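A.B. asks: Contents of final29.tsv (TSV, C-alpha atoms):
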```
chain	number	residue	atom	x	y	z
A	1	MET	CA	10.77	62.95	-31.62
A	2	LYS	CA	13.03	61.75	-34.36
A	3	ARG	CA	12.50	58.46	-36.05
A	4	CYS	CA	15.54	56.63	-34.58
A	5	GLU	CA	15.32	58.20	-31.16
A	6	ARG	CA	14.36	55.95	-28.27
A	7	PRO	CA	11.39	57.16	-26.20
A	8	PRO	CA	11.99	57.84	-22.52
A	9	ALA	CA	11.33	54.94	-20.10
A	10	ASN	CA	8.46	56.66	-18.34
A	11	SER	CA	6.74	57.69	-21.55
A	12	SER	CA	3.14	56.62	-21.99
A	13	THR	CA	3.90	55.57	-25.56
A	14	ALA	CA	6.29	52.86	-24.41
A	15	PRO	CA	4.93	49.31	-24.79
A	16	PRO	CA	3.87	47.70	-21.51
A	17	ARG	CA	6.61	45.62	-19.92
A	18	MET	CA	5.94	42.04	-18.88
A	19	ARG	CA	6.19	41.71	-15.14
A	20	PRO	CA	7.53	38.34	-14.00
A	21	ASP	CA	4.98	36.19	-12.17
A	22	LEU	CA	7.05	35.60	-9.05
A	23	ALA	CA	4.26	33.85	-7.15
A	24	GLY	CA	3.80	31.32	-9.98
A	25	LEU	CA	7.56	30.85	-10.27
A	26	ARG	CA	7.86	30.21	-6.53
A	27	LEU	CA	5.01	27.69	-6.67
A	28	VAL	CA	6.64	25.78	-9.55
A	29	ALA	CA	9.99	25.76	-7.73
A	30	LEU	CA	8.34	24.58	-4.48
A	31	ASN	CA	6.49	21.78	-6.30
A	32	ARG	CA	9.72	20.59	-7.90
A	33	LEU	CA	11.51	20.67	-4.54
A	34	VAL	CA	8.75	18.68	-2.80
A	35	LEU	CA	8.52	16.10	-5.60
A	36	THR	CA	12.30	15.69	-5.70
A	37	SER	CA	12.37	15.18	-1.93
A	38	LEU	CA	9.56	12.62	-2.09
A	39	VAL	CA	11.28	10.68	-4.86
A	40	ARG	CA	14.59	10.67	-2.98
A	41	THR	CA	12.89	9.54	0.23
A	42	SER	CA	11.00	6.78	-1.58
A	43	LEU	CA	14.15	5.52	-3.25
A	44	ALA	CA	16.06	5.58	0.04
A	45	LEU	CA	13.32	3.60	1.81
A	46	ALA	CA	13.18	1.08	-1.03
A	47	PHE	CA	16.97	0.70	-0.90
A	48	VAL	CA	16.98	0.19	2.87
A	49	GLY	CA	14.05	-2.24	2.62
A	50	CYS	CA	15.99	-4.40	0.17
A	51	PHE	CA	18.85	-4.91	2.60
A	52	ALA	CA	16.93	-5.08	5.86
A	53	GLY	CA	16.95	-8.54	7.32
A	54	PRO	CA	13.86	-10.24	8.65
A	55	VAL	CA	12.70	-9.16	12.06
A	56	ASP	CA	12.51	-11.82	14.74
A	57	ALA	CA	9.11	-12.98	13.59
A	58	ASP	CA	7.38	-16.20	14.45
A	59	GLU	CA	6.10	-18.35	11.62
A	60	VAL	CA	2.34	-17.90	11.50
A	61	PRO	CA	0.55	-21.22	10.87
A	62	PHE	CA	-2.38	-20.92	8.48
A	63	ALA	CA	-4.44	-23.09	6.15
A	64	CYS	CA	-6.39	-22.14	3.04
A	65	THR	CA	-8.56	-25.21	2.56
A	66	ILE	CA	-10.89	-26.03	-0.34
A	67	LEU	CA	-14.05	-27.48	1.19
A	68	PRO	CA	-16.06	-30.42	-0.24
A	69	GLY	CA	-17.96	-29.33	-3.34
A	70	GLU	CA	-14.94	-27.25	-4.40
A	71	GLU	CA	-16.87	-23.96	-4.50
A	72	LEU	CA	-16.01	-22.74	-1.00
A	73	ALA	CA	-12.71	-22.25	0.81
A	74	SER	CA	-12.03	-21.81	4.51
A	75	ILE	CA	-9.15	-19.67	5.79
A	76	VAL	CA	-7.89	-20.72	9.24
A	77	MET	CA	-4.88	-19.48	11.21
A	78	THR	CA	-3.27	-19.71	14.64
A	79	ASN	CA	-1.79	-16.80	16.58
A	80	PRO	CA	1.70	-18.01	17.61
A	81	LEU	CA	2.43	-14.99	19.81
A	82	ALA	CA	2.33	-14.95	23.60
A	83	ALA	CA	-0.19	-12.09	23.48
A	84	ASP	CA	-3.39	-11.26	21.64
A	85	ALA	CA	-2.64	-10.03	18.14
A	86	SER	CA	-4.08	-8.44	15.04
A	87	CYS	CA	-3.65	-11.07	12.33
A	88	ILE	CA	-4.01	-10.99	8.56
A	89	VAL	CA	-4.17	-13.86	6.08
A	90	THR	CA	-4.23	-13.74	2.27
A	91	CYS	CA	-5.09	-16.74	0.08
A	92	LYS	CA	-5.27	-16.97	-3.70
A	93	PHE	CA	-6.72	-19.93	-5.59
A	94	SER	CA	-6.90	-21.14	-9.17
A	95	THR	CA	-10.22	-22.31	-10.59
A	96	THR	CA	-11.35	-24.43	-13.52
A	97	LYS	CA	-12.00	-21.24	-15.51
A	98	TYR	CA	-9.01	-19.66	-17.27
A	99	ASP	CA	-7.80	-16.42	-15.65
A	100	ASN	CA	-10.20	-16.66	-12.69
A	101	ASN	CA	-8.01	-16.61	-9.57
A	102	PRO	CA	-10.08	-15.54	-6.57
A	103	GLN	CA	-8.12	-13.97	-3.73
A	104	ILE	CA	-9.20	-13.01	-0.24
A	105	THR	CA	-7.53	-11.12	2.59
A	106	CYS	CA	-8.98	-11.48	6.09
A	107	ALA	CA	-7.93	-9.57	9.21
A	108	LYS	CA	-9.11	-9.71	12.81
A	109	ALA	CA	-7.92	-9.82	16.40
A	110	VAL	CA	-6.89	-13.34	17.42
A	111	PRO	CA	-6.31	-14.48	21.03
A	112	SER	CA	-2.87	-15.83	21.91
A	113	GLY	CA	-2.33	-19.43	20.83
A	114	LYS	CA	-5.86	-19.83	19.43
A	115	GLU	CA	-6.82	-21.30	16.06
A	116	VAL	CA	-9.51	-19.20	14.39
A	117	GLU	CA	-11.43	-19.41	11.11
A	118	MET	CA	-10.69	-15.98	9.68
A	119	CYS	CA	-13.16	-16.06	6.76
A	120	ARG	CA	-14.58	-18.06	3.85
A	121	LEU	CA	-14.31	-17.47	0.12
A	122	THR	CA	-16.73	-18.53	-2.61
A	123	SER	CA	-15.41	-19.39	-6.05
A	124	GLY	CA	-18.06	-17.44	-7.94
A	125	GLY	CA	-19.59	-20.54	-9.50
A	126	ASP	CA	-16.38	-22.13	-10.79
A	127	LYS	CA	-14.66	-25.01	-9.00
A	128	PHE	CA	-11.52	-24.32	-6.98
A	129	VAL	CA	-8.52	-26.32	-8.22
A	130	LYS	CA	-5.67	-25.45	-5.84
A	131	LEU	CA	-4.10	-22.83	-3.61
A	132	THR	CA	-1.63	-20.75	-5.65
A	133	GLU	CA	-0.47	-18.24	-3.00
A	134	GLY	CA	-0.85	-17.73	0.71
A	135	ARG	CA	0.68	-15.70	3.52
A	136	ALA	CA	-0.14	-14.74	7.08
A	137	ASP	CA	1.18	-12.36	9.70
A	138	CYS	CA	0.34	-11.30	13.24
A	139	LEU	CA	1.19	-8.11	15.10
A	140	ARG	CA	0.88	-7.99	18.88
A	141	LEU	CA	-1.90	-5.70	20.08
A	142	SER	CA	-0.64	-2.89	22.30
A	143	ASN	CA	-2.09	-2.48	25.76
A	144	PRO	CA	-3.40	0.99	26.63
A	145	VAL	CA	-1.29	2.74	29.24
A	146	ALA	CA	-3.04	2.96	32.64
A	147	GLU	CA	-3.31	6.50	33.93
```
Produce C-alpha coordinates that represent the structure in this file.
C.D. replies:
Amino acid sequence: MKRCERPPANSSTAPPRMRPDLAGLRLVALNRLVLTSLVRTSLALAFVGCFAGPVDADEVPFACTILPGEELASIVMTNPLAADASCIVTCKFSTTKYDNNPQITCAKAVPSGKEVEMCRLTSGGDKFVKLTEGRADCLRLSNPVAE
(Lines of atoms letter the chains of each structure in order from A and count residues from 1; the text may use other names and numbers.)
(Lines give C-alpha, C1' and ligand atoms only; values in the text may rest on other atoms or scores of the structure.)
Protein backbone atom coordinates (compact mmCIF):
# COMPACT_ATOMS: atom_id res chain seq x y z
CA MET A 1 0.00 0.00 0.00
CA LYS A 2 1.31 3.38 -0.98
CA ARG A 3 1.57 6.18 1.49
CA CYS A 4 -1.26 8.36 0.09
CA GLU A 5 -3.54 5.50 -0.82
CA ARG A 6 -6.74 5.12 1.16
CA PRO A 7 -7.27 1.69 2.72
CA PRO A 8 -10.37 -0.25 1.68
CA ALA A 9 -13.50 0.22 3.83
CA ASN A 10 -13.58 -3.37 5.03
CA SER A 11 -9.91 -3.45 5.93
CA SER A 12 -9.03 -4.44 9.47
CA THR A 13 -6.54 -1.59 9.64
CA ALA A 14 -9.29 1.02 9.30
CA PRO A 15 -10.05 2.90 12.53
CA PRO A 16 -13.31 1.85 14.19
CA ARG A 17 -16.27 3.98 13.18
CA MET A 18 -18.48 5.57 15.81
CA ARG A 19 -21.94 4.13 15.65
CA PRO A 20 -24.68 6.62 16.54
CA ASP A 21 -26.49 5.83 19.79
CA LEU A 22 -30.00 5.83 18.35
CA ALA A 23 -31.65 4.61 21.55
CA GLY A 24 -30.11 7.47 23.55
CA LEU A 25 -31.02 9.97 20.84
CA ARG A 26 -34.64 8.75 20.81
CA LEU A 27 -34.81 9.02 24.61
CA VAL A 28 -33.51 12.60 24.58
CA ALA A 29 -35.97 13.54 21.82
CA LEU A 30 -38.87 11.89 23.70
CA ASN A 31 -37.95 13.69 26.95
CA ARG A 32 -37.89 17.04 25.14
CA LEU A 33 -41.25 16.32 23.51
CA VAL A 34 -42.87 15.35 26.84
CA LEU A 35 -41.43 18.36 28.69
CA THR A 36 -42.50 20.73 25.91
CA SER A 37 -46.02 19.29 26.00
CA LEU A 38 -46.20 19.61 29.79
CA VAL A 39 -45.02 23.22 29.69
CA ARG A 40 -47.53 24.09 26.97
CA THR A 41 -50.36 22.39 28.86
CA SER A 42 -49.43 24.15 32.11
CA LEU A 43 -49.31 27.53 30.41
CA ALA A 44 -52.65 26.93 28.71
CA LEU A 45 -54.30 25.95 32.00
CA ALA A 46 -52.82 28.98 33.74
CA PHE A 47 -54.07 31.23 30.94
CA VAL A 48 -57.59 29.75 31.06
CA GLY A 49 -57.60 29.96 34.88
CA CYS A 50 -56.86 33.68 34.73
CA PHE A 51 -59.94 34.40 32.63
CA ALA A 52 -62.35 31.90 34.13
CA GLY A 53 -65.06 33.58 36.12
CA PRO A 54 -66.12 32.43 39.56
CA VAL A 55 -68.34 29.40 39.69
CA ASP A 56 -71.73 29.83 41.31
CA ALA A 57 -70.32 29.35 44.77
CA ASP A 58 -71.94 30.21 48.05
CA GLU A 59 -70.03 32.37 50.48
CA VAL A 60 -68.76 30.08 53.23
CA PRO A 61 -69.11 31.70 56.67
CA PHE A 62 -66.14 31.07 58.95
CA ALA A 63 -64.46 32.58 61.99
CA CYS A 64 -60.84 32.38 63.12
CA THR A 65 -61.13 33.56 66.71
CA ILE A 66 -58.32 34.27 69.19
CA LEU A 67 -59.43 32.82 72.52
CA PRO A 68 -58.88 34.45 75.95
CA GLY A 69 -55.22 34.17 76.96
CA GLU A 70 -54.23 34.89 73.34
CA GLU A 71 -52.28 31.64 72.92
CA LEU A 72 -55.06 29.56 71.35
CA ALA A 73 -57.30 30.13 68.34
CA SER A 74 -60.53 28.40 67.37
CA ILE A 75 -61.51 27.87 63.73
CA VAL A 76 -65.28 27.59 63.20
CA MET A 77 -67.28 27.41 59.96
CA THR A 78 -70.79 26.77 58.67
CA ASN A 79 -71.66 24.63 55.65
CA PRO A 80 -73.98 26.85 53.54
CA LEU A 81 -74.84 24.10 51.05
CA ALA A 82 -78.11 22.18 50.94
CA ALA A 83 -76.17 18.91 51.26
CA ASP A 84 -73.38 17.50 53.40
CA ALA A 85 -70.02 18.76 52.21
CA SER A 86 -66.28 18.40 52.54
CA CYS A 87 -65.11 21.75 53.89
CA ILE A 88 -61.69 23.33 54.30
CA VAL A 89 -60.67 26.43 56.26
CA THR A 90 -57.28 28.16 56.40
CA CYS A 91 -56.38 30.81 58.97
CA LYS A 92 -53.12 32.71 59.43
CA PHE A 93 -52.31 34.88 62.44
CA SER A 94 -49.64 37.35 63.46
CA THR A 95 -48.02 37.05 66.88
CA THR A 96 -46.03 39.32 69.19
CA LYS A 97 -42.81 37.74 67.88
CA TYR A 98 -41.41 39.12 64.62
CA ASP A 99 -41.80 36.76 61.64
CA ASN A 100 -43.86 34.19 63.58
CA ASN A 101 -47.13 33.83 61.66
CA PRO A 102 -48.78 30.52 62.55
CA GLN A 103 -51.12 29.12 59.91
CA ILE A 104 -53.49 26.18 60.04
CA THR A 105 -55.62 24.41 57.45
CA CYS A 106 -58.45 22.18 58.68
CA ALA A 107 -60.65 19.92 56.57
CA LYS A 108 -63.55 17.63 57.43
CA ALA A 109 -67.03 16.61 56.39
CA VAL A 110 -69.65 19.09 57.63
CA PRO A 111 -73.42 18.43 57.69
CA SER A 112 -75.64 20.79 55.70
CA GLY A 113 -76.32 24.09 57.47
CA LYS A 114 -74.34 23.13 60.59
CA GLU A 115 -71.76 25.26 62.39
CA VAL A 116 -68.73 23.17 63.36
CA GLU A 117 -65.46 23.87 65.17
CA MET A 118 -62.99 22.61 62.59
CA CYS A 119 -59.83 22.74 64.74
CA ARG A 120 -57.74 24.76 67.20
CA LEU A 121 -54.31 26.31 66.79
CA THR A 122 -51.73 27.06 69.48
CA SER A 123 -49.42 30.04 69.09
CA GLY A 124 -46.29 28.18 70.12
CA GLY A 125 -45.80 30.24 73.27
CA ASP A 126 -46.16 33.70 71.71
CA LYS A 127 -49.36 35.73 71.98
CA PHE A 128 -51.66 35.98 68.97
CA VAL A 129 -52.18 39.57 67.81
CA LYS A 130 -54.64 39.36 64.92
CA LEU A 131 -55.92 37.33 61.99
CA THR A 132 -53.92 38.22 58.85
CA GLU A 133 -55.50 35.84 56.31
CA GLY A 134 -58.43 33.48 56.15
CA ARG A 135 -60.45 31.55 53.58
CA ALA A 136 -62.95 28.72 53.51
CA ASP A 137 -64.60 26.53 50.91
CA CYS A 138 -67.04 23.62 50.80
CA LEU A 139 -67.57 20.99 48.13
CA ARG A 140 -70.74 18.90 48.15
CA LEU A 141 -70.12 15.24 48.95
CA SER A 142 -71.23 12.92 46.16
CA ASN A 143 -73.70 10.17 46.93
CA PRO A 144 -72.70 6.65 45.86
CA VAL A 145 -74.81 5.33 43.01
CA ALA A 146 -77.23 2.58 44.13
CA GLU A 147 -76.82 -0.63 42.17
A.B. asks: Please compute the CA of Ser123 (chain A)-CA of Val60 (chain A) distance, one decimal, in Å.
C.D. replies: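 Computing it gives 25.0 Å between the two atoms.
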A.B. asks: Under the rule that all atoms listed in the file are counted, which of A:Ile104, A:Cys87, A:Leu139, A:Leu131 is the nearest residue to Cys119 (chain A)?
C.D. replies: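 Among the listed residues, A:Ile104 lies closest to Cys119 (chain A).
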A.B. asks: What is the distance between CA of Asn79 (chain A) and CA of Gly113 (chain A), in Å to one decimal?
C.D. replies: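 Those two atoms sit 5.0 Å apart.
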A.B. asks: With distances taken over all atoms listed in the file, which residue among A:Ile88, A:Met118, A:Val129, A:Leu81 lies nearest Asn100 (chain A)?
C.D. replies: A:Val129
A.B. asks: With distances taken over only C-alpha atoms, which of A:Ala83, A:Gln103, A:Glu71, A:Pro61 is nearest to Thr122 (chain A)?
C.D. replies: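 Comparing A:Ala83, A:Gln103, A:Glu71, A:Pro61 against Thr122 (chain A), the winner is A:Glu71.
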